[in-house]
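Everything on this sheet refers to the single structure shown next.
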Amino acid sequence: FAVTDTGSTVQVRYRGLLPDLFREGQGVVTEGVLEPDGTFRADTVLAKHDETYMPREVADALKAQGRWQEGAGKPVQGSSAQGSSAQGQAEPVSRTAVQ
């Protein structure tokens, strides 16, 4: 499947059972590794309850990276949770809607 944040789309590979709420247009949280070819290999796929819900671990990671806007409950506008660490390890990527 593919996920998008309306600005870009990432193809996701996942083997396993998908959550009951998983469907087109539904927000998701994925955990895994961004492969060199740009495909995201997901180890975990969670369906978001609504667009304001964010797992505590994701919110904490965004706060630690300075990408969290207090009071809004959202990442800072224009920021992305995608990237590579200094050691070359891919960081988890989270996108908001299934295509």
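Chain identifiers are assigned as A, B, and so on, following the order in which chains appear in the structure tokens; residues are numbered from 1 within each chain, and ligands are numbered from 1 in order of appearance.
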Compile the contact shell of A:Leu46 as an mmCIF file with C-alpha atoms, in the first residue's frame: residues with an atom at most 10 Å away, counting only C-alpha atoms, same-chain residues fewer than 4 positions apart removed.
data_model
loop_
_atom_site.group_PDB
_atom_site.id
_atom_site.type_symbol
_atom_site.label_atom_id
_atom_site.label_comp_id
_atom_site.auth_asym_id
_atom_site.auth_seq_id
_atom_site.Cartn_x
_atom_site.Cartn_y
_atom_site.Cartn_z
ATOM 1 C CA LEU A 18 -3.707 -5.096 9.173
ATOM 2 C CA PRO A 19 -5.817 -3.359 11.856
ATOM 3 C CA ASP A 20 -9.614 -3.477 11.549
ATOM 4 C CA LEU A 21 -9.735 0.302 11.018
ATOM 5 C CA PHE A 22 -7.244 0.110 8.112
ATOM 6 C CA GLY A 27 -4.717 7.789 9.117
ATOM 7 C CA VAL A 28 -2.014 5.273 10.008
ATOM 8 C CA VAL A 29 1.149 5.059 12.065
ATOM 9 C CA THR A 30 3.855 2.806 10.660
ATOM 10 C CA GLU A 31 7.083 1.682 12.281
ATOM 11 C CA PRO A 55 0.958 7.650 20.202
#
### All residues 12 Å or closer to A:Thr39, only C-alpha atoms, same chain fewer than 6 positions away omitted, as a PyMOL selection string
chain A and resi 1-3+9-14+32-33+90+93
